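Participant: The structure follows.
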Amino acid sequence: MNYLDAEGPIAKQIAELGWGFIMISFWSTVIVTGFLLIALFKRRPPQLAGHEGTVTRSGAGLTAVYSATALSSLVLLGSAVWMVSVTAAVIRPSRETALTIQVIGHQWWWEFRYLSPDTKQSFVTANEMRLPAGEPVRLELMSADVIHSFWLPKLAGKTDLIPGQKNITWIEAPKPGVYRGQCTEFCGLQHASMLLRAVAEPREAFGAWWKQQMRSSDPPTGGLAKEGQAVFTRACASCHAVSGTEAKGTFGPDLTHLMSRAQIGSNLLPNTRAYRAGWIADAPSLKPGVRMPPMTREISGRELQAVLAYIETLH
Ligand code: CUA
């Protein structure tokens with residue numbers, strides 16, 4: 001998550017600016033310290049008795065002050081012009097954006113709505129964001145509760161998600177790969193665990209993923225999974241949605257394609273059976289303060305096994 005090791009058209013320009021400012025600050029410090037040391041150790045002419053401490057002005061000293069002031073003003077002005085021009089250059093992409101994703105911040109997870117002009121093609125997912133590699137993507141940033149901030153350090157700077165406001169920005173992942181990120185505005189107890197994961201894929205793989213995400217889940221045909229769906233509808237559906245079923249809750253992440261994600265708990269834990277079970281049983285023990293209550297109060301051990309069997313059908 002080192003922003004100075006940038007990839008992508010936005011982050012690269014910002015990183016160059018960052019390195020430039022680091023070098024300007026470094027050399028300013030070296031030069032000023034150098035002059036200060038010279039002044040400290042320079043031999044002074046002997047003072048006449050009775051005149052200790054009197055300061056006499058000489059024209060040469062003043063010239064040095066004027067030229068140093070002019071030089072540092074020029075450096076500052078140049079830095080300001082450079083900064084404004086980089087900001088102007090990265091504010092919008094040079095090409096048409098490939099798609100729009102709405103990003104909604106929640107305490108403490110991310111909702112992603114993939115928008116399409118054809119609303120039937122739109123879908124909702126959470127915490128794992130997929131992008132087509134090498135294409136600019138427009139982002140609409142909003143919040144469901146408090147102020148959050150969206151940051152994928154290798155790809156772009158930060159943009160806040162503010163309640164009652166829609167902030168627009170864009171990102172571009174230059175090549176396929178996984179880019180990690182983080183909420184970067186303090187938003188409560190689990191701010192530090194509001195992690196982001198963006199997966200950039202070649203166009204074809206991204207298209208296939210989109211098709212898969214649009215599909216509703218296949219209803220379980222029998223056994224433990226079918227029993228689990230009934231438990232899910234009773235105990236989980238007021239917060240979680242699974243498209244094509246009665247579960248339509250929006251307070252927690254959409255789980256329609258839970259098994260297609262690599263991690264759970266807003267990318268805090270790997271998406272393995274052990275962690276899924278632990279999360280359902282007692283999420284606050286894994287992520288203190290999380291809004292999801294321990295479900296052991298609501299469901300029995302057998303019902304937990306059934307819910308696990310059901311959510312494992314959500315590919
Ligand atoms: Cu969300 Cu910090």
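Residues in the structure tokens are numbered from 1 in each chain, the chains being A, B, ... in the order shown, and ligands are numbered from 1 in the order shown.
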Ligand 1: which residues are within 10 Å, counting only C-alpha atoms and all ligand atoms? Reply as a ChimeraX atom specification.
Facilitator: /A:105-110,143,145-150,160-161,182-195
Participant: Next, write the just-selected residues to a file, as a PDB file, in the first residue's frame, keeping N, CA and C atoms as the atom set.
Facilitator:
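Result file is out30.pdb:
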ATOM      1  N   GLY A 105     -19.945   3.706   1.471  1.00  0.00           N
ATOM      2  CA  GLY A 105     -19.242   3.358   2.703  1.00  0.00           C
ATOM      3  C   GLY A 105     -20.228   3.041   3.808  1.00  0.00           C
ATOM      4  N   HIS A 106     -19.988   1.960   4.530  1.00  0.00           N
ATOM      5  CA  HIS A 106     -20.791   1.594   5.694  1.00  0.00           C
ATOM      6  C   HIS A 106     -19.830   1.336   6.841  1.00  0.00           C
ATOM      7  N   GLN A 107     -20.312   1.464   8.090  1.00  0.00           N
ATOM      8  CA  GLN A 107     -19.496   1.058   9.231  1.00  0.00           C
ATOM      9  C   GLN A 107     -19.547  -0.466   9.299  1.00  0.00           C
ATOM     10  N   TRP A 108     -18.579  -1.285   8.947  1.00  0.00           N
ATOM     11  CA  TRP A 108     -17.271  -0.964   8.414  1.00  0.00           C
ATOM     12  C   TRP A 108     -17.020  -1.880   7.239  1.00  0.00           C
ATOM     13  N   TRP A 109     -17.692  -1.565   6.150  1.00  0.00           N
ATOM     14  CA  TRP A 109     -17.544  -2.384   4.944  1.00  0.00           C
ATOM     15  C   TRP A 109     -17.911  -1.529   3.732  1.00  0.00           C
ATOM     16  N   TRP A 110     -17.647  -2.100   2.552  1.00  0.00           N
ATOM     17  CA  TRP A 110     -17.855  -1.369   1.299  1.00  0.00           C
ATOM     18  C   TRP A 110     -18.938  -2.020   0.456  1.00  0.00           C
ATOM     19  N   SER A 143     -22.012   7.737   1.277  1.00  0.00           N
ATOM     20  CA  SER A 143     -21.915   7.060   2.563  1.00  0.00           C
ATOM     21  C   SER A 143     -23.298   6.759   3.116  1.00  0.00           C
ATOM     22  N   ASP A 145     -23.616   6.200   6.453  1.00  0.00           N
ATOM     23  CA  ASP A 145     -23.648   6.638   7.856  1.00  0.00           C
ATOM     24  C   ASP A 145     -22.710   7.818   8.122  1.00  0.00           C
ATOM     25  N   VAL A 146     -21.438   7.567   8.339  1.00  0.00           N
ATOM     26  CA  VAL A 146     -20.503   8.645   8.681  1.00  0.00           C
ATOM     27  C   VAL A 146     -19.532   8.873   7.518  1.00  0.00           C
ATOM     28  N   ILE A 147     -18.588   9.789   7.696  1.00  0.00           N
ATOM     29  CA  ILE A 147     -17.623  10.062   6.623  1.00  0.00           C
ATOM     30  C   ILE A 147     -16.573   8.952   6.570  1.00  0.00           C
ATOM     31  N   HIS A 148     -16.395   8.385   5.383  1.00  0.00           N
ATOM     32  CA  HIS A 148     -15.319   7.422   5.130  1.00  0.00           C
ATOM     33  C   HIS A 148     -14.446   8.011   4.028  1.00  0.00           C
ATOM     34  N   SER A 149     -13.361   7.344   3.712  1.00  0.00           N
ATOM     35  CA  SER A 149     -12.538   7.819   2.605  1.00  0.00           C
ATOM     36  C   SER A 149     -11.996   6.643   1.823  1.00  0.00           C
ATOM     37  N   PHE A 150     -12.134   6.740   0.502  1.00  0.00           N
ATOM     38  CA  PHE A 150     -11.766   5.645  -0.405  1.00  0.00           C
ATOM     39  C   PHE A 150     -10.328   5.832  -0.855  1.00  0.00           C
ATOM     40  N   ASP A 160     -13.174  11.350  -0.219  1.00  0.00           N
ATOM     41  CA  ASP A 160     -14.083  11.086   0.894  1.00  0.00           C
ATOM     42  C   ASP A 160     -15.451  10.605   0.419  1.00  0.00           C
ATOM     43  N   LEU A 161     -16.097   9.795   1.271  1.00  0.00           N
ATOM     44  CA  LEU A 161     -17.490   9.396   1.069  1.00  0.00           C
ATOM     45  C   LEU A 161     -18.271  10.117   2.157  1.00  0.00           C
ATOM     46  N   GLN A 182      -7.764   0.852   1.704  1.00  0.00           N
ATOM     47  CA  GLN A 182      -8.077   1.052   3.112  1.00  0.00           C
ATOM     48  C   GLN A 182      -8.986   2.274   3.225  1.00  0.00           C
ATOM     49  N   CYS A 183      -9.948   2.229   4.156  1.00  0.00           N
ATOM     50  CA  CYS A 183     -10.685   3.446   4.485  1.00  0.00           C
ATOM     51  C   CYS A 183      -9.691   4.360   5.195  1.00  0.00           C
ATOM     52  N   THR A 184      -9.683   5.622   4.826  1.00  0.00           N
ATOM     53  CA  THR A 184      -8.630   6.478   5.362  1.00  0.00           C
ATOM     54  C   THR A 184      -9.162   7.740   6.021  1.00  0.00           C
ATOM     55  N   GLU A 185     -10.426   7.653   6.497  1.00  0.00           N
ATOM     56  CA  GLU A 185     -10.981   8.728   7.329  1.00  0.00           C
ATOM     57  C   GLU A 185     -11.521   8.027   8.569  1.00  0.00           C
ATOM     58  N   PHE A 186     -11.092   8.456   9.755  1.00  0.00           N
ATOM     59  CA  PHE A 186     -11.504   7.752  10.964  1.00  0.00           C
ATOM     60  C   PHE A 186     -13.027   7.687  11.055  1.00  0.00           C
ATOM     61  N   CYS A 187     -13.583   6.467  11.137  1.00  0.00           N
ATOM     62  CA  CYS A 187     -15.042   6.312  11.046  1.00  0.00           C
ATOM     63  C   CYS A 187     -15.592   5.440  12.161  1.00  0.00           C
ATOM     64  N   GLY A 188     -14.814   5.252  13.216  1.00  0.00           N
ATOM     65  CA  GLY A 188     -15.318   4.468  14.340  1.00  0.00           C
ATOM     66  C   GLY A 188     -14.372   3.330  14.682  1.00  0.00           C
ATOM     67  N   LEU A 189     -14.894   2.459  15.554  1.00  0.00           N
ATOM     68  CA  LEU A 189     -14.068   1.422  16.172  1.00  0.00           C
ATOM     69  C   LEU A 189     -13.279   0.573  15.169  1.00  0.00           C
ATOM     70  N   GLN A 190     -13.922   0.156  14.088  1.00  0.00           N
ATOM     71  CA  GLN A 190     -13.236  -0.753  13.160  1.00  0.00           C
ATOM     72  C   GLN A 190     -12.749  -0.054  11.893  1.00  0.00           C
ATOM     73  N   HIS A 191     -12.488   1.252  11.992  1.00  0.00           N
ATOM     74  CA  HIS A 191     -11.963   2.014  10.859  1.00  0.00           C
ATOM     75  C   HIS A 191     -10.737   1.321  10.242  1.00  0.00           C
ATOM     76  N   ALA A 192      -9.817   0.858  11.113  1.00  0.00           N
ATOM     77  CA  ALA A 192      -8.574   0.270  10.615  1.00  0.00           C
ATOM     78  C   ALA A 192      -8.811  -1.053   9.901  1.00  0.00           C
ATOM     79  N   SER A 193      -9.953  -1.699  10.163  1.00  0.00           N
ATOM     80  CA  SER A 193     -10.245  -2.977   9.496  1.00  0.00           C
ATOM     81  C   SER A 193     -11.275  -2.799   8.383  1.00  0.00           C
ATOM     82  N   MET A 194     -11.444  -1.562   7.906  1.00  0.00           N
ATOM     83  CA  MET A 194     -12.349  -1.342   6.770  1.00  0.00           C
ATOM     84  C   MET A 194     -11.478  -1.405   5.510  1.00  0.00           C
ATOM     85  N   LEU A 195     -11.132  -2.659   5.175  1.00  0.00           N
ATOM     86  CA  LEU A 195     -10.131  -2.869   4.122  1.00  0.00           C
ATOM     87  C   LEU A 195     -10.789  -3.039   2.757  1.00  0.00           C
TER      88      LEU A 195
END
Participant: Please give the complete set of residues from region 131-309 of chain A that DSSP, run on the backbone, assigns to helix (DSSP H, G or I), formatted as number ranges by chain.
Facilitator: A: 191-193, 203-214, 223-235, 258-260, 273-286, 295-297, 301-309
Participant: Just the residues within 10 Å of Gly244 (chain A), please, counting only C-alpha atoms, with nothing from its chain fewer than 6 positions along; format it as a list in words.
Facilitator: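 Residues meeting the cut-off are Arg215, Ser216, Ser217, Asp218, Pro219 and Thr256 of chain A.
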Participant: Check the smallest atom-to-atom distance from each of A:Lys120, A:Trp210, A:Pro136, A:Phe35 to Pro174 (chain A) using only C-alpha atoms, then report the winner.
Facilitator: A:Pro136
Participant: Just checking: using only C-alpha atoms, which residue out of A:His240, A:Arg261, A:Arg234, A:Lys166 ends up closest to Ile104 (chain A)?
Facilitator: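 Nearest candidate to Ile104 (chain A) out of A:His240, A:Arg261, A:Arg234, A:Lys166: A:Lys166.
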Participant: Considering only C-alpha atoms, return as JSON, numbers by chain whatever protein or nucleic-acid residues lie within 10 Å of Met1 (chain A), sequence-local ones (same chain, fewer than 2 positions apart) excluded.
Facilitator: {"A": [3, 4, 5, 6, 151, 152, 153, 154, 155, 179, 180, 181, 182]}
Participant: Rank A:Ile168, A:Met214, A:Ala200, A:Met83 by their smallest atom-to-atom distance to Thr100 (chain A), using only C-alpha atoms, and report the top residue only.
Facilitator: A:Ile168
Participant: Rounded to one decimal, what separation in Å do you get between CA of Ala281 (chain A) and CA of Ala306 (chain A)?
Facilitator: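 Separation of CA of Ala281 (chain A) and CA of Ala306 (chain A): 12.5 Å.
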